[in-house]
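**Q** Got a structure for you, input27.csv, holding CSV, C-alpha atoms and all ligand atoms.
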```
chain,number,residue,atom,x,y,z
K,125,MET,CA,0.0,0.0,0.0
K,126,ALA,CA,1.3,3.4,-0.9
K,127,ILE,CA,1.8,5.8,2.0
K,128,ILE,CA,1.1,9.3,0.9
K,129,SER,CA,2.3,12.2,3.0
K,130,ASP,CA,0.2,15.2,3.8
K,131,ASP,CA,1.9,17.1,1.1
K,132,ASP,CA,0.7,14.6,-1.4
K,133,GLY,CA,-2.8,14.3,-0.1
K,134,LEU,CA,-5.8,14.0,-2.4
K,135,GLU,CA,-6.3,17.8,-2.6
K,136,ASN,CA,-3.4,17.8,-4.9
K,137,VAL,CA,-4.7,15.2,-7.2
K,138,SER,CA,-7.4,17.3,-8.8
K,139,ARG,CA,-4.8,19.9,-9.5
K,140,VAL,CA,-2.7,17.3,-11.3
K,141,LYS,CA,-5.7,16.0,-13.0
K,142,LYS,CA,-6.2,19.3,-14.7
K,143,ASN,CA,-2.9,18.9,-16.4
K,144,PRO,CA,-2.5,15.2,-17.0
K,145,VAL,CA,-0.4,15.2,-20.1
K,146,VAL,CA,3.2,14.4,-19.2
K,147,LYS,CA,5.8,14.5,-21.9
K,148,PRO,CA,8.7,12.0,-21.9
K,149,GLU,CA,11.8,13.6,-20.4
K,150,THR,CA,14.4,12.1,-22.7
K,151,ILE,CA,13.6,13.8,-25.9
K,152,GLU,CA,16.9,13.8,-27.7
K,153,TYR,CA,15.6,13.8,-31.3
K,154,ASP,CA,13.1,15.7,-33.5
K,155,THR,CA,9.8,14.4,-32.1
K,156,THR,CA,7.7,16.2,-34.7
K,157,PHE,CA,9.5,14.4,-37.5
K,158,GLU,CA,9.2,11.1,-35.6
K,159,ASN,CA,5.5,11.5,-35.0
K,160,THR,CA,4.9,12.4,-38.7
K,161,ILE,CA,6.4,9.1,-39.9
K,162,ARG,CA,5.3,6.8,-37.1
K,163,PRO,CA,3.3,3.9,-38.4
K,164,LYS,CA,-0.3,3.9,-37.2
K,165,ASP,CA,-1.4,0.3,-38.0
K,166,PHE,CA,0.0,-3.2,-38.2
K,167,ASP,CA,0.4,-3.1,-42.0
K,168,SER,CA,2.7,-0.1,-42.0
K,169,TYR,CA,4.6,-1.4,-38.9
K,170,ILE,CA,7.4,-3.2,-40.7
K,171,GLY,CA,9.1,-6.4,-39.4
K,172,GLN,CA,8.7,-7.9,-35.9
K,173,SER,CA,6.3,-10.4,-37.5
K,174,ALA,CA,6.1,-12.8,-34.6
K,175,LEU,CA,5.3,-10.0,-32.2
K,176,LYS,CA,2.6,-8.6,-34.6
K,177,GLU,CA,1.0,-12.0,-35.0
K,178,THR,CA,0.7,-12.6,-31.3
K,179,LEU,CA,-0.5,-9.1,-30.6
K,180,LYS,CA,-3.2,-9.4,-33.3
K,181,ILE,CA,-4.6,-12.5,-31.6
K,182,THR,CA,-4.5,-10.9,-28.2
K,183,LEU,CA,-6.3,-7.8,-29.4
K,184,GLU,CA,-9.0,-9.8,-31.2
K,185,ALA,CA,-9.6,-12.0,-28.1
K,186,ALA,CA,-9.9,-8.9,-25.9
K,187,LYS,CA,-12.4,-7.4,-28.4
K,188,LYS,CA,-14.4,-10.6,-28.6
K,189,ARG,CA,-14.6,-10.9,-24.8
K,190,GLY,CA,-15.3,-7.2,-24.4
K,191,LYS,CA,-12.5,-7.0,-21.9
K,192,SER,CA,-9.6,-4.6,-21.4
K,193,LEU,CA,-6.2,-5.8,-22.7
K,194,ASP,CA,-3.6,-7.4,-20.4
K,195,HIS,CA,-0.8,-5.1,-19.3
K,196,MET,CA,2.1,-5.4,-21.7
K,197,LEU,CA,5.9,-4.9,-21.4
K,198,PHE,CA,8.0,-4.2,-24.5
K,199,TYR,CA,11.8,-4.3,-24.1
K,200,GLY,CA,14.8,-3.9,-26.4
K,201,PRO,CA,17.3,-1.2,-27.4
K,202,PRO,CA,16.1,2.3,-28.2
K,203,GLY,CA,14.5,3.1,-31.6
K,204,LEU,CA,13.2,-0.4,-32.4
K,205,GLY,CA,9.6,0.6,-32.2
K,206,LYS,CA,8.3,0.1,-28.6
K,207,THR,CA,6.4,3.4,-28.5
K,208,THR,CA,5.2,2.9,-32.0
K,209,ILE,CA,3.8,-0.5,-31.4
K,210,ALA,CA,2.0,0.8,-28.3
K,211,GLY,CA,0.4,3.4,-30.5
K,212,VAL,CA,-0.6,0.8,-33.0
K,213,VAL,CA,-2.2,-1.3,-30.2
K,214,ALA,CA,-4.2,1.7,-29.1
K,215,ALA,CA,-5.4,2.5,-32.6
K,216,GLN,CA,-6.4,-1.1,-33.3
K,217,MET,CA,-8.4,-1.1,-30.0
K,218,GLY,CA,-9.9,2.3,-30.8
K,219,VAL,CA,-8.8,3.8,-27.5
K,220,ASP,CA,-6.7,6.7,-26.4
K,221,ILE,CA,-3.1,6.4,-25.3
K,222,ARG,CA,-1.4,8.5,-22.7
K,223,ILE,CA,2.3,8.7,-23.0
K,224,THR,CA,4.7,9.4,-20.2
K,225,SER,CA,8.1,8.2,-18.9
K,226,ALA,CA,9.3,7.0,-15.5
K,227,PRO,CA,11.5,10.0,-14.8
K,228,ALA,CA,8.5,12.3,-15.2
K,229,LEU,CA,6.7,10.4,-12.4
K,230,GLU,CA,9.0,11.4,-9.6
K,231,ARG,CA,6.4,12.4,-7.0
K,232,PRO,CA,3.5,10.1,-5.9
K,233,ARG,CA,1.0,12.7,-7.1
K,234,ASP,CA,2.4,12.5,-10.6
K,235,ILE,CA,1.4,8.9,-11.0
K,236,ILE,CA,-1.8,9.3,-8.9
K,237,GLY,CA,-2.8,12.2,-11.1
K,238,ILE,CA,-2.4,10.2,-14.3
K,239,LEU,CA,-4.1,7.1,-12.9
K,240,MET,CA,-7.1,9.1,-11.7
K,241,SER,CA,-7.5,10.9,-15.0
K,242,LEU,CA,-7.6,7.7,-17.1
K,243,LYS,CA,-10.8,6.7,-18.8
K,244,GLY,CA,-12.0,3.1,-19.1
K,245,GLY,CA,-10.1,1.1,-21.7
K,246,GLU,CA,-7.4,3.7,-22.1
K,247,ILE,CA,-3.8,2.8,-22.5
K,248,LEU,CA,-1.2,4.3,-20.2
K,249,PHE,CA,2.3,4.1,-21.8
K,250,ILE,CA,5.3,4.4,-19.4
K,251,ASP,CA,8.6,4.7,-21.2
K,252,GLU,CA,11.9,3.7,-19.4
K,253,ILE,CA,9.7,1.9,-16.8
K,254,HIS,CA,12.8,0.4,-15.2
K,255,ARG,CA,13.5,3.9,-13.8
K,256,LEU,CA,10.3,4.1,-11.7
K,257,ASN,CA,10.9,4.8,-8.1
K,258,LYS,CA,9.7,2.4,-5.3
K,259,VAL,CA,6.8,4.6,-4.2
K,260,ALA,CA,5.4,4.9,-7.8
K,261,GLU,CA,5.8,1.2,-8.2
K,262,GLU,CA,3.9,0.4,-5.1
K,263,ILE,CA,1.1,2.7,-6.2
K,264,LEU,CA,1.0,0.8,-9.5
K,265,TYR,CA,0.7,-2.7,-8.0
K,266,PRO,CA,-3.0,-2.5,-6.9
K,267,ALA,CA,-3.8,-0.3,-9.8
K,268,MET,CA,-2.5,-2.9,-12.3
K,269,GLU,CA,-4.0,-5.9,-10.4
K,270,ASP,CA,-7.3,-4.7,-9.0
K,271,PHE,CA,-7.8,-1.3,-10.7
K,272,THR,CA,-7.7,0.5,-7.3
K,273,LEU,CA,-5.6,3.1,-5.7
K,274,ASP,CA,-4.8,2.2,-2.1
K,275,MET,CA,-3.7,5.1,-0.1
K,276,THR,CA,-3.0,6.2,3.4
K,277,THR,CA,-3.3,9.9,4.1
K,278,GLY,CA,-2.6,12.0,7.2
K,279,LYS,CA,-0.2,11.5,10.2
K,280,VAL,CA,0.5,8.1,11.6
K,281,GLN,CA,-2.1,8.3,14.5
K,282,THR,CA,-4.9,9.8,12.5
K,283,ALA,CA,-4.1,8.0,9.2
K,284,LYS,CA,-7.0,7.1,7.0
K,285,THR,CA,-6.9,4.3,4.5
K,286,LEU,CA,-8.6,5.0,1.2
K,287,ARG,CA,-9.4,2.6,-1.6
K,288,ILE,CA,-10.3,4.4,-4.7
K,289,PRO,CA,-11.6,2.4,-7.7
K,290,LEU,CA,-10.0,3.2,-11.0
K,291,PRO,CA,-11.3,2.5,-14.5
K,292,LYS,CA,-10.0,-0.6,-16.2
K,293,PHE,CA,-7.0,0.5,-18.2
K,294,THR,CA,-4.0,-1.2,-19.8
K,295,LEU,CA,-0.5,-0.3,-18.8
K,296,ILE,CA,2.1,-0.7,-21.5
K,297,GLY,CA,5.6,-0.4,-20.2
K,298,ALA,CA,8.7,0.0,-22.4
K,299,THR,CA,12.3,-0.5,-21.3
K,300,THR,CA,15.8,-0.9,-22.7
K,301,LYS,CA,16.7,-2.9,-19.5
K,302,ALA,CA,14.2,-5.6,-18.7
K,303,GLY,CA,16.7,-7.0,-16.2
K,304,GLU,CA,16.5,-3.9,-14.1
K,305,LEU,CA,12.7,-4.1,-13.5
K,306,SER,CA,11.8,-5.4,-10.0
K,307,SER,CA,10.3,-8.8,-10.2
K,308,PRO,CA,7.0,-7.8,-8.5
K,309,LEU,CA,6.5,-5.2,-11.3
K,310,ARG,CA,7.6,-7.6,-14.0
K,311,ASP,CA,5.2,-10.3,-12.8
K,312,ARG,CA,2.2,-8.0,-13.1
K,313,PHE,CA,2.6,-7.8,-16.9
K,314,GLY,CA,0.5,-10.4,-18.7
K,315,ILE,CA,2.4,-10.0,-21.9
K,316,ILE,CA,6.2,-9.6,-22.2
K,317,ASN,CA,7.8,-9.1,-25.5
K,318,ARG,CA,11.3,-8.4,-26.8
K,319,LEU,CA,11.8,-6.4,-29.9
K,320,GLU,CA,14.5,-7.6,-32.2
K,321,PHE,CA,16.9,-5.7,-34.4
K,322,TYR,CA,15.6,-5.4,-38.0
K,323,THR,CA,17.1,-7.1,-41.1
K,324,THR,CA,18.5,-5.0,-44.0
K,325,GLU,CA,15.5,-5.9,-46.1
K,326,GLU,CA,13.1,-4.7,-43.4
K,327,LEU,CA,15.0,-1.5,-42.9
K,328,ALA,CA,15.0,-0.9,-46.7
K,329,GLN,CA,11.2,-0.9,-46.5
K,330,VAL,CA,11.3,1.5,-43.6
K,331,VAL,CA,13.6,3.8,-45.6
K,332,LYS,CA,11.4,3.7,-48.7
K,333,ARG,CA,8.3,4.4,-46.6
K,334,THR,CA,9.9,7.4,-44.9
K,335,ALA,CA,11.2,8.7,-48.3
K,336,LYS,CA,7.7,8.5,-49.7
K,337,ILE,CA,6.3,10.4,-46.8
K,338,LEU,CA,9.0,13.1,-47.2
K,339,GLU,CA,8.4,13.1,-50.9
K,340,ILE,CA,12.0,12.1,-51.7
K,341,ASP,CA,12.8,10.1,-54.8
K,342,ILE,CA,14.8,7.0,-53.9
K,343,THR,CA,16.0,3.9,-55.8
K,344,GLU,CA,15.9,0.3,-54.5
K,345,GLU,CA,19.8,0.3,-54.2
K,346,GLY,CA,19.7,3.7,-52.5
K,347,ALA,CA,17.3,2.4,-49.9
K,348,LYS,CA,19.4,-0.7,-49.3
K,349,ALA,CA,22.6,1.3,-48.9
K,350,ILE,CA,21.0,3.4,-46.2
K,351,ALA,CA,19.4,0.3,-44.6
K,352,LYS,CA,22.8,-1.5,-44.4
K,353,ARG,CA,24.3,1.3,-42.3
K,354,SER,CA,21.3,1.8,-39.9
K,355,ARG,CA,22.4,-0.6,-37.2
K,356,GLY,CA,19.2,-2.7,-37.4
K,357,THR,CA,17.3,0.3,-36.0
K,358,PRO,CA,14.3,2.1,-37.7
K,359,ARG,CA,15.0,5.4,-35.8
K,360,ILE,CA,18.5,5.5,-37.2
K,361,ALA,CA,17.3,4.5,-40.7
K,362,ASN,CA,14.8,7.4,-40.6
K,363,ARG,CA,17.5,9.9,-39.4
K,364,LEU,CA,19.8,8.8,-42.2
K,365,VAL,CA,17.1,9.2,-44.8
K,366,LYS,CA,16.7,12.8,-43.7
K,367,ARG,CA,20.5,13.5,-43.7
K,368,VAL,CA,21.1,11.8,-47.0
K,369,SER,CA,18.2,13.6,-48.6
K,370,ASP,CA,19.8,16.9,-47.7
K,371,PHE,CA,22.9,15.9,-49.7
K,372,ALA,CA,20.8,14.6,-52.6
K,373,ILE,CA,19.0,18.0,-52.9
K,374,VAL,CA,22.1,20.2,-52.4
K,375,LYS,CA,24.8,18.2,-54.1
K,376,PHE,CA,23.0,16.0,-56.6
K,377,ASP,CA,19.8,16.1,-58.6
K,378,GLY,CA,17.5,15.3,-55.7
K,379,GLN,CA,17.3,11.5,-56.1
K,380,ILE,CA,18.8,9.1,-53.5
K,381,ASN,CA,20.6,6.3,-55.4
K,382,GLU,CA,23.3,4.0,-54.2
K,383,GLU,CA,26.1,6.5,-55.1
K,384,VAL,CA,24.4,9.4,-53.4
K,385,ALA,CA,23.7,7.3,-50.3
K,386,ASN,CA,27.3,6.0,-50.0
K,387,TYR,CA,28.8,9.4,-50.7
K,388,SER,CA,26.7,11.1,-48.0
K,389,LEU,CA,27.1,8.4,-45.4
K,390,ASN,CA,30.9,8.3,-45.9
K,391,LEU,CA,31.0,12.1,-45.4
K,392,LEU,CA,28.9,11.6,-42.2
K,393,LYS,CA,31.6,9.1,-41.1
K,394,ILE,CA,29.1,6.2,-40.8
K,395,ASP,CA,30.9,3.1,-41.9
K,396,GLU,CA,29.5,0.0,-43.7
K,397,PHE,CA,28.6,-1.6,-40.4
K,398,GLY,CA,26.7,1.6,-39.4
K,399,LEU,CA,29.3,2.5,-36.8
K,400,ASP,CA,29.9,6.2,-36.1
K,401,ASN,CA,32.9,7.9,-34.6
K,402,THR,CA,31.8,7.1,-31.0
K,403,ASP,CA,31.5,3.4,-31.7
K,404,ARG,CA,34.8,3.3,-33.4
K,405,ALA,CA,36.4,5.4,-30.6
K,406,LEU,CA,35.0,2.9,-28.1
K,407,LEU,CA,36.5,-0.1,-29.8
K,408,ASN,CA,39.8,1.7,-30.5
K,409,MET,CA,40.1,2.8,-26.9
K,410,ILE,CA,39.7,-0.7,-25.5
K,411,ILE,CA,42.3,-2.0,-27.9
K,412,GLU,CA,44.8,0.8,-27.4
K,413,LYS,CA,44.5,1.4,-23.7
K,414,TYR,CA,43.4,-2.0,-22.4
K,415,ASP,CA,44.9,-4.5,-24.9
K,416,GLY,CA,41.4,-5.3,-26.2
K,417,GLY,CA,39.9,-5.8,-22.7
K,418,PRO,CA,38.2,-7.0,-20.6
K,419,VAL,CA,37.5,-3.5,-19.2
K,420,GLY,CA,34.6,-2.3,-17.0
K,421,ILE,CA,31.8,-0.1,-18.4
K,422,GLU,CA,32.5,2.8,-16.0
K,423,THR,CA,36.1,2.9,-17.2
K,424,ILE,CA,35.0,2.9,-20.8
K,425,ALA,CA,32.5,5.7,-20.2
K,426,ALA,CA,35.1,7.8,-18.3
K,427,ALA,CA,37.8,7.3,-20.9
K,428,LEU,CA,35.3,8.5,-23.7
K,429,SER,CA,33.8,11.3,-21.5
K,430,GLU,CA,30.4,9.7,-22.2
K,431,ASP,CA,27.6,8.8,-19.8
K,432,VAL,CA,27.5,5.1,-18.8
K,433,ARG,CA,23.8,5.0,-19.8
K,434,THR,CA,24.6,6.2,-23.3
K,435,ILE,CA,27.3,3.6,-23.7
K,436,GLU,CA,25.0,0.8,-22.3
K,437,ASP,CA,21.8,1.8,-24.1
K,438,VAL,CA,22.9,3.3,-27.4
K,439,CYS,CA,26.4,2.1,-28.4
K,440,GLU,CA,26.7,-1.3,-26.8
K,441,PRO,CA,23.6,-3.3,-27.8
K,442,TYR,CA,24.4,-3.1,-31.5
K,443,LEU,CA,28.2,-3.7,-31.1
K,444,LEU,CA,27.3,-6.8,-29.1
K,445,GLN,CA,24.7,-7.9,-31.6
K,446,ALA,CA,27.1,-7.3,-34.5
K,447,GLY,CA,29.7,-9.5,-32.7
K,448,LEU,CA,32.3,-6.7,-32.6
K,449,LEU,CA,32.2,-6.5,-28.8
K,450,GLN,CA,31.9,-9.2,-26.2
K,451,ARG,CA,30.5,-9.0,-22.7
K,452,THR,CA,32.5,-11.1,-20.1
K,453,PRO,CA,32.1,-11.3,-16.3
K,454,ARG,CA,35.2,-9.1,-16.0
K,455,GLY,CA,34.0,-6.4,-18.5
K,456,ARG,CA,33.8,-5.7,-22.2
K,457,LYS,CA,36.2,-7.2,-24.7
K,458,VAL,CA,36.8,-6.4,-28.4
K,459,SER,CA,36.1,-9.6,-30.5
K,460,PRO,CA,38.4,-10.8,-33.3
K,461,GLU,CA,35.7,-9.5,-35.6
K,462,GLY,CA,36.0,-6.1,-34.0
K,463,TYR,CA,39.7,-6.0,-34.6
K,464,ARG,CA,39.2,-7.1,-38.2
K,465,HIS,CA,36.6,-4.4,-38.7
K,466,LEU,CA,39.0,-1.7,-37.6
K,467,GLY,CA,41.8,-3.2,-39.6
K,468,ILE,CA,43.9,-3.8,-36.5
K,469,LYS,CA,45.9,-7.0,-36.0
K,470,MET,CA,44.8,-9.0,-33.0
K,471,PRO,CA,47.5,-9.9,-30.5
K,472,SER,CA,48.1,-13.7,-30.8
K,473,GLU,CA,45.8,-15.8,-28.6
K,474,GLN,CA,48.9,-17.7,-27.6
K,475,THR,CA,50.6,-14.9,-25.8
K,476,SER,CA,47.5,-14.1,-23.7
K,477,LEU,CA,47.5,-17.6,-22.3
K,478,PHE,CA,50.7,-17.2,-20.4
N,501,LIG,P1,11.4,3.1,-29.2
N,501,LIG,O1,10.1,3.4,-28.4
N,501,LIG,O2,11.6,1.6,-29.2
N,501,LIG,O3,12.6,3.8,-28.7
N,501,LIG,P2,10.0,4.3,-31.4
N,501,LIG,O4,8.7,3.5,-31.3
N,501,LIG,O5,9.9,5.7,-30.9
N,501,LIG,O6,11.2,3.5,-30.7
N,501,LIG,O7,10.5,4.3,-32.9
N,501,LIG,C1,11.4,5.2,-33.4
N,501,LIG,C2,11.0,5.6,-34.8
N,501,LIG,O8,11.3,4.5,-35.7
N,501,LIG,C3,9.6,6.0,-35.0
N,501,LIG,O9,9.4,7.3,-35.4
N,501,LIG,C4,9.0,5.2,-36.1
N,501,LIG,O10,8.7,6.0,-37.2
N,501,LIG,C5,10.2,4.3,-36.5
N,501,LIG,N1,9.8,2.9,-36.4
N,501,LIG,C6,9.9,2.1,-35.3
N,501,LIG,N2,9.5,0.8,-35.6
N,501,LIG,C7,9.0,0.8,-36.9
N,501,LIG,C8,8.5,-0.2,-37.7
N,501,LIG,N3,8.3,-1.4,-37.2
N,501,LIG,N4,8.2,0.1,-39.0
N,501,LIG,C9,8.4,1.4,-39.4
N,501,LIG,N5,8.9,2.4,-38.7
N,501,LIG,C10,9.2,2.1,-37.4
```
Using structure tokens, write down the structure that the file contains.
Ligand code: ADP

**A**
Amino acid sequence: MAIISDDDGLENVSRVKKNPVVKPETIEYDTTFENTIRPKDFDSYIGQSALKETLKITLEAAKKRGKSLDHMLFYGPPGLGKTTIAGVVAAQMGVDIRITSAPALERPRDIIGILMSLKGGEILFIDEIHRLNKVAEEILYPAMEDFTLDMTTGKVQTAKTLRIPLPKFTLIGATTKAGELSSPLRDRFGIINRLEFYTTEELAQVVKRTAKILEIDITEEGAKAIAKRSRGTPRIANRLVKRVSDFAIVKFDGQINEEVANYSLNLLKIDEFGLDNTDRALLNMIIEKYDGGPVGIETIAAALSEDVRTIEDVCEPYLLQAGLLQRTPRGRKVSPEGYRHLGIKMPSEQTSLF
């Protein structure tokens, strides 16, 4: 049961209720552009076919039973489509979606305000849900399980317990770190899905779709060239389409073909694996300063003057997936493939054995 201090008493809830829309805190990209191109239905949501199939069945069953959807958790690296799929689910169910993120729910009244302003059937989307604090989590437990808010208000001796019914809603959580979710919270999600990196073919479709929305002429080869360097991630593919289209307009005749794409991406220092300067600096640093590793994540972040979270959430997942970096109990290590990619000779395996 959540203990709410006097300061967070119910008087404040109505005030919060008047202003219930909370924006995600971590907006480090052009959200207007993202929202314009965000797919709104399953057909335009490319790839993730297993996930789409199971979701379609879940949605149909919920509609047939006339019940609200189970709470869902989507996890995977940033930019793979977790927010987008939540929007698709809402659109398919014909309900509204309220988007917020865990860092915006710092005080108990933030989460209480949102919960109390939800309407029946609505979807509440919480991004970065692994960052929810303990109090907010405890408020969520009975809300998710029994659709109630259990609260104690007032001082200890005069404390009153309140149980407030909530409309039936669906919580969709998104996280880049499923492992950091507390198990009581994780256990309250009926559906847990991991989003996978996209294939080059799927990303080429994303690229063509975005180019069409932006009214940019693109060839099949041009789309593939961008897709290959997009690190398996639609958000990156979309950003690159935009960047490359600037070059196409200014330096060429406006069309993106293979030559234009490769020329632009080389100038942007994005290599054929999709690695940028930060990724290469990370691998180079481990090789040069730590003989290829293993080395701890904090040391890597400090040496690159980067935030640990950026390294863990943005750089590392793709480097691991591409097999350029390895995670060992003693830290991160550059793989033989990583050495090869940078054109650096690997120290002989023999010498490291002694
Ligand atoms: P996440 O929430 O996982 O960080 P988003 O859902 O915000 O990622 O997706 C980032 C961008 O990538 C969106 O603007 C969307 O246009 C695009 N995108 C994501 N998934 C897909 C997909 N399956 N098909 C087409 N575009 C996608």

**Q** Hey, which of K:Phe371, K:Phe293, K:Tyr442, K:Tyr169 ends up closest to Gly398 of chain K? Count all atoms listed in the file.

**A**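 Closest to Gly398 of chain K, using all atoms listed in the file: K:Tyr442.
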
**Q** One number please: atom CA of Gly200 of chain K to atom CA of Asn362 of chain K, in Å, one decimal.

**A**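 It comes out at 18.1 Å.
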
**Q** For Asn257 of chain K, please output as a list in words all residues within 8 Å (counting all atoms listed in the file; exclusion window: fewer than 4 positions along the same chain).

**A**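 What passes the distance filter is Ala226, Glu230 and Glu261 of chain K.
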
**Q** Compile the contact shell of Thr434 of chain K as a PyMOL selection string: residues with an atom at most 12 Å away, counting all atoms listed in the file, same-chain residues fewer than 3 positions apart removed.

**A** chain K and resi 150+152+201-202+300+402-403+406+421-422+424-426+428-431+437-441

**Q** Select, from K:Gly190, K:Pro358, K:Gly303, K:Gly244, the residue with the minimum atom-to-atom distance to ligand LIG 501 (chain N), counting all atoms listed in the file.

**A**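 For ligand LIG 501 (chain N), the nearest of the given residues is K:Pro358.
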
**Q** Figure out the distance between atom CA of Ser173 of chain K and atom CA of Ala214 of chain K, please, to one decimal in Å.

**A**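 Distance reported for this atom pair: 18.1 Å.
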
**Q** Name the residues, using the chain letters and numbers of the file, that sit within 12 Å of (42.1, -1.4, -38.4) when counting only C-alpha atoms, and give them as a PyMOL selection string.

**A** chain K and resi 404-405+407-408+411-412+460-470

**Q** Around ligand LIG 501 (chain N), out to 7 Å and counting all atoms listed in the file, which residues are there? I want them as a list in words.

**A**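 So the residues close to ligand LIG 501 (chain N) are Glu158, Asn159, Ile161, Arg162, Pro163, Ser168, Tyr169, Ile170, Gly171, Gln172, Gly200, Pro201, Pro202, Gly203, Leu204, Gly205, Lys206, Thr207, Thr208, Ile209, Val330, Pro358, Arg359 and Asn362 of chain K.
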
**Q** Rounded to one decimal place, report the atom CA of Tyr322 of chain K-atom CA of Ala446 of chain K distance in Å.

**A**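 Computed distance, atom CA of Tyr322 of chain K to atom CA of Ala446 of chain K, equals 12.2 Å.
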